[in-house]
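Just model_34.pdb here, PDB, C-alpha atoms, pLDDT in the B column:
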```pdb
ATOM      1  CA  MET T 880      24.940  59.136-111.508  1.00 36.00           C
ATOM      2  CA  SER T 881      26.689  59.633-108.176  1.00 33.00           C
ATOM      3  CA  THR T 882      29.436  62.137-107.559  1.00 33.00           C
ATOM      4  CA  PRO T 883      32.729  60.757-106.230  1.00 33.00           C
ATOM      5  CA  ASP T 884      33.506  61.543-102.599  1.00 37.00           C
ATOM      6  CA  ALA T 885      36.193  64.250-102.659  1.00 36.00           C
ATOM      7  CA  THR T 886      37.498  63.117 -99.267  1.00 39.00           C
ATOM      8  CA  ALA T 887      37.902  59.461-100.219  1.00 39.00           C
ATOM      9  CA  PRO T 888      41.470  58.240-100.636  1.00 43.00           C
ATOM     10  CA  VAL T 889      42.811  57.490-104.065  1.00 39.00           C
ATOM     11  CA  THR T 890      44.297  54.006-103.876  1.00 41.00           C
ATOM     12  CA  ALA T 891      46.588  52.882-106.638  1.00 39.00           C
ATOM     13  CA  ALA T 892      46.816  49.360-107.971  1.00 39.00           C
ATOM     14  CA  PRO T 893      49.778  47.518-106.400  1.00 41.00           C
ATOM     15  CA  GLU T 894      52.022  48.011-109.444  1.00 43.00           C
ATOM     16  CA  ALA T 895      51.242  51.755-109.491  1.00 47.00           C
ATOM     17  CA  ALA T 896      51.202  52.246-105.719  1.00 50.00           C
ATOM     18  CA  ALA T 897      54.783  53.417-105.529  1.00 57.00           C
ATOM     19  CA  ALA T 898      53.959  56.101-108.111  1.00 61.00           C
ATOM     20  CA  GLU T 899      51.662  57.712-105.503  1.00 81.00           C
ATOM     21  CA  ALA T 900      54.608  58.130-103.113  1.00 87.00           C
ATOM     22  CA  HIS T 901      57.388  60.723-103.246  1.00 91.00           C
ATOM     23  CA  PRO T 902      59.855  59.595-105.971  1.00 91.00           C
ATOM     24  CA  ARG T 903      62.702  59.048-103.460  1.00 92.00           C
ATOM     25  CA  PHE T 904      60.436  56.921-101.257  1.00 95.00           C
ATOM     26  CA  ALA T 905      59.029  55.036-104.277  1.00 93.00           C
ATOM     27  CA  GLU T 906      62.617  54.163-105.210  1.00 93.00           C
ATOM     28  CA  ALA T 907      63.297  52.987-101.631  1.00 94.00           C
ATOM     29  CA  LEU T 908      60.233  50.723-101.814  1.00 94.00           C
ATOM     30  CA  ARG T 909      61.476  49.228-105.092  1.00 93.00           C
ATOM     31  CA  GLU T 910      65.020  48.736-103.747  1.00 93.00           C
ATOM     32  CA  LEU T 911      63.649  46.986-100.652  1.00 92.00           C
ATOM     33  CA  GLY T 912      61.280  44.837-102.730  1.00 92.00           C
ATOM     34  CA  LEU T 913      58.295  46.134-100.768  1.00 91.00           C
ATOM     35  CA  ASP T 914      54.887  45.982-102.439  1.00 90.00           C
ATOM     36  CA  VAL T 915      52.800  48.230-100.211  1.00 93.00           C
ATOM     37  CA  GLU T 916      49.531  50.039-100.763  1.00 92.00           C
ATOM     38  CA  VAL T 917      50.240  53.765-100.898  1.00 94.00           C
ATOM     39  CA  ARG T 918      47.145  55.873-100.318  1.00 94.00           C
ATOM     40  CA  ARG T 919      46.866  59.470-101.477  1.00 92.00           C
ATOM     41  CA  PHE T 920      44.360  61.762 -99.787  1.00 89.00           C
ATOM     42  CA  PRO T 921      43.061  65.027-101.243  1.00 86.00           C
ATOM     43  CA  GLU T 922      43.309  66.619 -97.804  1.00 85.00           C
ATOM     44  CA  ALA T 923      46.703  66.772 -96.088  1.00 81.00           C
ATOM     45  CA  THR T 924      47.762  64.080 -93.630  1.00 86.00           C
ATOM     46  CA  ARG T 925      50.630  66.183 -92.198  1.00 85.00           C
ATOM     47  CA  THR T 926      49.796  65.519 -88.568  1.00 91.00           C
ATOM     48  CA  ALA T 927      49.147  62.200 -86.879  1.00 93.00           C
ATOM     49  CA  ALA T 928      45.595  63.341 -86.087  1.00 93.00           C
ATOM     50  CA  GLU T 929      44.917  64.280 -89.732  1.00 91.00           C
ATOM     51  CA  ALA T 930      46.323  60.959 -90.924  1.00 93.00           C
ATOM     52  CA  ALA T 931      44.317  58.889 -88.422  1.00 94.00           C
ATOM     53  CA  ALA T 932      41.107  60.730 -89.327  1.00 93.00           C
ATOM     54  CA  ALA T 933      41.700  60.249 -93.064  1.00 92.00           C
ATOM     55  CA  ILE T 934      42.596  56.564 -92.725  1.00 94.00           C
ATOM     56  CA  GLY T 935      39.994  55.785 -90.063  1.00 94.00           C
ATOM     57  CA  CYS T 936      42.457  54.182 -87.638  1.00 96.00           C
ATOM     58  CA  ASP T 937      43.491  54.761 -84.042  1.00 96.00           C
ATOM     59  CA  LEU T 938      45.834  57.687 -83.524  1.00 96.00           C
ATOM     60  CA  SER T 939      48.360  55.318 -81.930  1.00 97.00           C
ATOM     61  CA  ALA T 940      48.569  53.324 -85.213  1.00 97.00           C
ATOM     62  CA  ILE T 941      50.231  56.285 -86.939  1.00 97.00           C
ATOM     63  CA  VAL T 942      54.043  56.353 -87.082  1.00 98.00           C
ATOM     64  CA  LYS T 943      55.526  59.785 -86.519  1.00 97.00           C
ATOM     65  CA  SER T 944      59.016  60.084 -88.055  1.00 97.00           C
ATOM     66  CA  LEU T 945      60.656  62.868 -86.041  1.00 98.00           C
ATOM     67  CA  ILE T 946      64.145  64.271 -86.490  1.00 98.00           C
ATOM     68  CA  PHE T 947      66.035  65.482 -83.430  1.00 98.00           C
ATOM     69  CA  GLU T 948      69.526  66.904 -83.003  1.00 97.00           C
ATOM     70  CA  ALA T 949      71.705  65.068 -80.486  1.00 97.00           C
ATOM     71  CA  ASP T 950      74.877  67.057 -79.845  1.00 97.00           C
ATOM     72  CA  GLY T 951      74.401  68.532 -83.330  1.00 94.00           C
ATOM     73  CA  ALA T 952      73.933  65.170 -85.123  1.00 96.00           C
ATOM     74  CA  PRO T 953      70.537  64.216 -86.586  1.00 98.00           C
ATOM     75  CA  VAL T 954      68.693  61.237 -85.123  1.00 98.00           C
ATOM     76  CA  LEU T 955      65.338  59.838 -86.235  1.00 98.00           C
ATOM     77  CA  VAL T 956      62.788  58.880 -83.590  1.00 98.00           C
ATOM     78  CA  LEU T 957      59.817  56.740 -84.615  1.00 98.00           C
ATOM     79  CA  MET T 958      56.881  57.320 -82.246  1.00 98.00           C
ATOM     80  CA  ASP T 959      53.239  56.327 -82.259  1.00 97.00           C
ATOM     81  CA  GLY T 960      50.819  59.110 -83.146  1.00 96.00           C
ATOM     82  CA  SER T 961      49.160  59.365 -79.744  1.00 96.00           C
ATOM     83  CA  SER T 962      52.397  59.806 -77.781  1.00 96.00           C
ATOM     84  CA  ARG T 963      55.062  62.440 -77.309  1.00 96.00           C
ATOM     85  CA  VAL T 964      58.808  61.889 -77.294  1.00 98.00           C
ATOM     86  CA  ASP T 965      60.520  62.372 -73.933  1.00 97.00           C
ATOM     87  CA  VAL T 966      63.621  64.290 -75.014  1.00 97.00           C
ATOM     88  CA  GLU T 967      65.410  63.451 -71.756  1.00 97.00           C
ATOM     89  CA  LEU T 968      64.942  59.710 -72.403  1.00 97.00           C
ATOM     90  CA  VAL T 969      66.324  60.193 -75.919  1.00 98.00           C
ATOM     91  CA  ARG T 970      69.295  62.106 -74.484  1.00 98.00           C
ATOM     92  CA  ARG T 971      70.023  59.274 -72.033  1.00 97.00           C
ATOM     93  CA  GLU T 972      69.552  56.590 -74.683  1.00 97.00           C
ATOM     94  CA  LEU T 973      72.094  58.327 -76.933  1.00 97.00           C
ATOM     95  CA  ASP T 974      74.378  59.364 -74.065  1.00 97.00           C
ATOM     96  CA  ALA T 975      74.212  62.874 -75.518  1.00 97.00           C
ATOM     97  CA  GLY T 976      74.808  66.202 -73.819  1.00 97.00           C
ATOM     98  CA  LYS T 977      71.944  68.023 -75.539  1.00 97.00           C
ATOM     99  CA  VAL T 978      68.947  66.869 -77.583  1.00 98.00           C
ATOM    100  CA  LYS T 979      66.420  69.139 -79.295  1.00 97.00           C
ATOM    101  CA  ARG T 980      63.877  68.996 -82.105  1.00 96.00           C
ATOM    102  CA  ALA T 981      65.482  69.647 -85.480  1.00 97.00           C
ATOM    103  CA  GLY T 982      64.446  72.623 -87.554  1.00 96.00           C
ATOM    104  CA  ALA T 983      62.748  72.291 -90.937  1.00 96.00           C
ATOM    105  CA  ASP T 984      65.998  72.850 -92.863  1.00 96.00           C
ATOM    106  CA  LEU T 985      67.843  70.055 -91.040  1.00 96.00           C
ATOM    107  CA  VAL T 986      64.852  67.714 -91.473  1.00 97.00           C
ATOM    108  CA  ARG T 987      64.840  68.284 -95.244  1.00 96.00           C
ATOM    109  CA  GLU T 988      68.655  68.141 -95.492  1.00 96.00           C
ATOM    110  CA  THR T 989      68.799  64.879 -93.514  1.00 96.00           C
ATOM    111  CA  THR T 990      65.787  63.055 -94.929  1.00 97.00           C
ATOM    112  CA  GLY T 991      65.067  64.688 -98.281  1.00 96.00           C
ATOM    113  CA  TYR T 992      61.464  65.273 -97.197  1.00 96.00           C
ATOM    114  CA  ALA T 993      59.496  68.139 -95.681  1.00 93.00           C
ATOM    115  CA  ILE T 994      58.050  67.973 -92.173  1.00 93.00           C
ATOM    116  CA  GLY T 995      54.609  66.378 -92.405  1.00 91.00           C
ATOM    117  CA  GLY T 996      55.667  63.857 -95.043  1.00 94.00           C
ATOM    118  CA  VAL T 997      58.795  62.216 -93.601  1.00 97.00           C
ATOM    119  CA  PRO T 998      58.647  58.428 -93.996  1.00 97.00           C
ATOM    120  CA  PRO T 999      60.421  56.085 -91.556  1.00 98.00           C
ATOM    121  CA  PHE T1000      63.005  54.989 -94.178  1.00 97.00           C
ATOM    122  CA  GLY T1001      64.180  55.922 -97.661  1.00 96.00           C
ATOM    123  CA  HIS T1002      66.045  59.014 -96.475  1.00 96.00           C
ATOM    124  CA  ARG T1003      68.760  61.019 -98.210  1.00 95.00           C
ATOM    125  CA  THR T1004      71.287  60.246 -95.448  1.00 95.00           C
ATOM    126  CA  LYS T1005      71.789  57.408 -92.989  1.00 94.00           C
ATOM    127  CA  THR T1006      71.016  58.437 -89.411  1.00 95.00           C
ATOM    128  CA  ARG T1007      70.716  56.706 -86.089  1.00 97.00           C
ATOM    129  CA  VAL T1008      67.120  55.544 -85.533  1.00 98.00           C
ATOM    130  CA  LEU T1009      65.309  55.004 -82.244  1.00 98.00           C
ATOM    131  CA  ALA T1010      61.889  53.335 -82.422  1.00 98.00           C
ATOM    132  CA  ASP T1011      59.617  53.530 -79.422  1.00 98.00           C
ATOM    133  CA  ARG T1012      58.480  50.127 -78.177  1.00 97.00           C
ATOM    134  CA  GLY T1013      54.828  51.263 -78.270  1.00 96.00           C
ATOM    135  CA  LEU T1014      54.783  50.836 -82.056  1.00 97.00           C
ATOM    136  CA  LEU T1015      54.965  47.077 -81.513  1.00 98.00           C
ATOM    137  CA  ASP T1016      51.528  47.162 -79.857  1.00 96.00           C
ATOM    138  CA  HIS T1017      49.939  47.152 -83.329  1.00 96.00           C
ATOM    139  CA  ASP T1018      49.616  44.548 -86.070  1.00 97.00           C
ATOM    140  CA  VAL T1019      49.719  47.312 -88.697  1.00 97.00           C
ATOM    141  CA  VAL T1020      50.927  50.900 -88.508  1.00 98.00           C
ATOM    142  CA  TRP T1021      50.578  53.727 -91.016  1.00 97.00           C
ATOM    143  CA  ALA T1022      53.397  56.082 -91.984  1.00 97.00           C
ATOM    144  CA  ALA T1023      53.980  58.937 -94.414  1.00 96.00           C
ATOM    145  CA  ALA T1024      55.064  57.951 -97.917  1.00 96.00           C
ATOM    146  CA  GLY T1025      57.180  61.057 -98.463  1.00 95.00           C
ATOM    147  CA  THR T1026      54.464  63.660 -99.011  1.00 93.00           C
ATOM    148  CA  PRO T1027      51.871  65.340 -96.782  1.00 92.00           C
ATOM    149  CA  HIS T1028      49.123  63.576 -98.765  1.00 92.00           C
ATOM    150  CA  THR T1029      50.359  59.967 -98.876  1.00 94.00           C
ATOM    151  CA  VAL T1030      50.528  57.136 -96.344  1.00 95.00           C
ATOM    152  CA  PHE T1031      51.228  53.419 -96.379  1.00 96.00           C
ATOM    153  CA  PRO T1032      50.486  50.494 -94.013  1.00 97.00           C
ATOM    154  CA  LEU T1033      53.050  47.959 -92.832  1.00 96.00           C
ATOM    155  CA  ASP T1034      53.670  45.802 -89.801  1.00 97.00           C
ATOM    156  CA  PRO T1035      55.752  47.689 -87.210  1.00 98.00           C
ATOM    157  CA  LYS T1036      58.614  45.166 -87.055  1.00 97.00           C
ATOM    158  CA  THR T1037      59.164  45.574 -90.796  1.00 97.00           C
ATOM    159  CA  VAL T1038      59.002  49.384 -90.529  1.00 97.00           C
ATOM    160  CA  ILE T1039      61.561  49.388 -87.710  1.00 98.00           C
ATOM    161  CA  GLY T1040      63.757  46.861 -89.504  1.00 97.00           C
ATOM    162  CA  HIS T1041      63.884  48.808 -92.774  1.00 96.00           C
ATOM    163  CA  ALA T1042      64.539  52.010 -90.831  1.00 97.00           C
ATOM    164  CA  GLY T1043      67.459  50.316 -89.065  1.00 97.00           C
ATOM    165  CA  GLY T1044      65.853  51.217 -85.760  1.00 97.00           C
ATOM    166  CA  THR T1045      66.721  50.189 -82.234  1.00 98.00           C
ATOM    167  CA  VAL T1046      63.629  49.499 -80.107  1.00 98.00           C
ATOM    168  CA  VAL T1047      63.708  51.684 -76.993  1.00 98.00           C
ATOM    169  CA  ASP T1048      61.397  53.326 -74.464  1.00 97.00           C
ATOM    170  CA  VAL T1049      61.391  57.064 -75.235  1.00 97.00           C
ATOM    171  CA  ARG T1050      57.696  57.837 -74.814  1.00 96.00           C
ATOM    172  CA  GLU T1051      56.723  60.661 -72.488  1.00 94.00           C
ATOM    173  CA  GLN T1052      54.884  59.137 -69.536  1.00 88.00           C
ATOM    174  CA  THR T1053      51.584  60.704 -68.573  1.00 76.00           C
ATOM    175  CA  LYS T1054      51.523  61.884 -64.997  1.00 63.00           C
TER
END
```

What is this file in structure tokens?
Amino acid sequence: MSTPDATAPVTAAPEAAAAEAHPRFAEALRELGLDVEVRRFPEATRTAAEAAAAIGCDLSAIVKSLIFEADGAPVLVLMDGSSRVDVELVRRELDAGKVKRAGADLVRETTGYAIGGVPPFGHRTKTRVLADRGLLDHDVVWAAAGTPHTVFPLDPKTVIGHAGGTVVDVREQTK
């Protein structure tokens, strides 16, 4: 008799998939009529690198859901896992005076989720959303399902659409 692989993901049947996600995100999936495969991993998938390694996909196929403060107001930036956000490009895009990464308290207050598990939609509050154009380079992207152990796949246009995102170029350019 073989022993199960402790690092293998636990994949729920479609009708139970939402149960693997954070309850708030599972409710968002139901409200949107989305039937997605939510995968739970025994090891955390808090960072894009951890998620890509667990899933077995390219780092750039991971969606990072990052909260920034633009003149004190929260804004969500969706970025591919292999890239960094250029805060100056975000500032210009929003015509803001000052943009900075949000602290953990503001992230949880705004989204209802902890850093490392923030999904691209299904948040506690409605915020402005910028989605970097690089996400559209993929047929499928993977994002957090509300916990540091759960992810789900979806096509990037659908992710951006459900997030209410505006497609922009806010990726830091390599020199």

(request) Report the residues retrieved by the PyMOL selection byres ((chain T and resi 975-990) around 10) from the displayed file, expressed as a PyMOL selection string. (result) chain T and resi 903+945-955+964+966-974+991-994+997-1006+1025

(message) So, with only C-alpha atoms as the atoms that count, which of T:Ala1023, T:Leu908, T:Val942, T:Val1030 lies closest to T:Asp1011?
(response)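 Smallest distance to T:Asp1011 is found for T:Val942.
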
(request) Pick out the closest residue to T:Glu906 from this set: T:Ala1010, T:Ala1024, T:Gly996, T:Asp965. Count only C-alpha atoms. (result) T:Ala1024

(message) What does the structure give for the distance between atom CA of T:Val1019 and atom CA of T:Met958, in Å to one decimal?
(response)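 Separation between atom CA of T:Val1019 and atom CA of T:Met958: 13.9 Å.
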
(request) Fewer than 5 positions away in the same chain doesn't count, so skip those; otherwise give me all residues within 12 Å of T:Asp1016, counting all atoms listed in the file, as a list in words. (result)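 Using all atoms listed in the file, the neighbours found are Asp937, Ser939, Ala940, Ile941, Val942, Met958, Asp959, Asp1011, Asp1034, Pro1035 and Lys1036 of chain T.
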
Grab the residues selected above and save them as a CSV table (one decimal), keeping the file's coordinate frame with C-alpha atoms.
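What landed in selection_3.csv:
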```csv
chain,number,residue,atom,x,y,z
T,937,ASP,CA,43.5,54.8,-84.0
T,939,SER,CA,48.4,55.3,-81.9
T,940,ALA,CA,48.6,53.3,-85.2
T,941,ILE,CA,50.2,56.3,-86.9
T,942,VAL,CA,54.0,56.4,-87.1
T,958,MET,CA,56.9,57.3,-82.2
T,959,ASP,CA,53.2,56.3,-82.3
T,1011,ASP,CA,59.6,53.5,-79.4
T,1034,ASP,CA,53.7,45.8,-89.8
T,1035,PRO,CA,55.8,47.7,-87.2
T,1036,LYS,CA,58.6,45.2,-87.1
```

(message) Quick check, in Å to one decimal: how far apart do atom CA of T:Val956 and atom CA of T:Ala933 lie?
(response)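 Taking atom CA of T:Val956 as the start and atom CA of T:Ala933 as the end point, the length is 23.2 Å.
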
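Relative to atom CA of T:Glu899, atom CA of T:Arg918 is found at 7.1 Å.
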
(request) Give the answer as one residue: which of T:Lys943, T:Val1046, T:Ala930, T:His1028 has the shortest atom-to-atom distance to T:His901, using all atoms listed in the file? (result)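 Closest candidate: T:His1028.
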
(request) Kindly indicate which residue among T:Gly960, T:Gly1044, T:Pro1032, T:Pro1027 lies nearest to T:Asp914, using all atoms listed in the file for the distances. (result)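 Result for the nearest residue to T:Asp914: T:Pro1032.
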
(request) Tell me which of T:Gly935, T:Gly1043, T:Val1038, T:Arg963 sits closest to T:Ala1022, counting only C-alpha atoms. (result) T:Val1038

(request) Could you tell me which of T:Arg1012, T:Val1020, T:Ala931, T:His1041 comes closest to T:Glu910 if we count all atoms listed in the file? (result) T:His1041
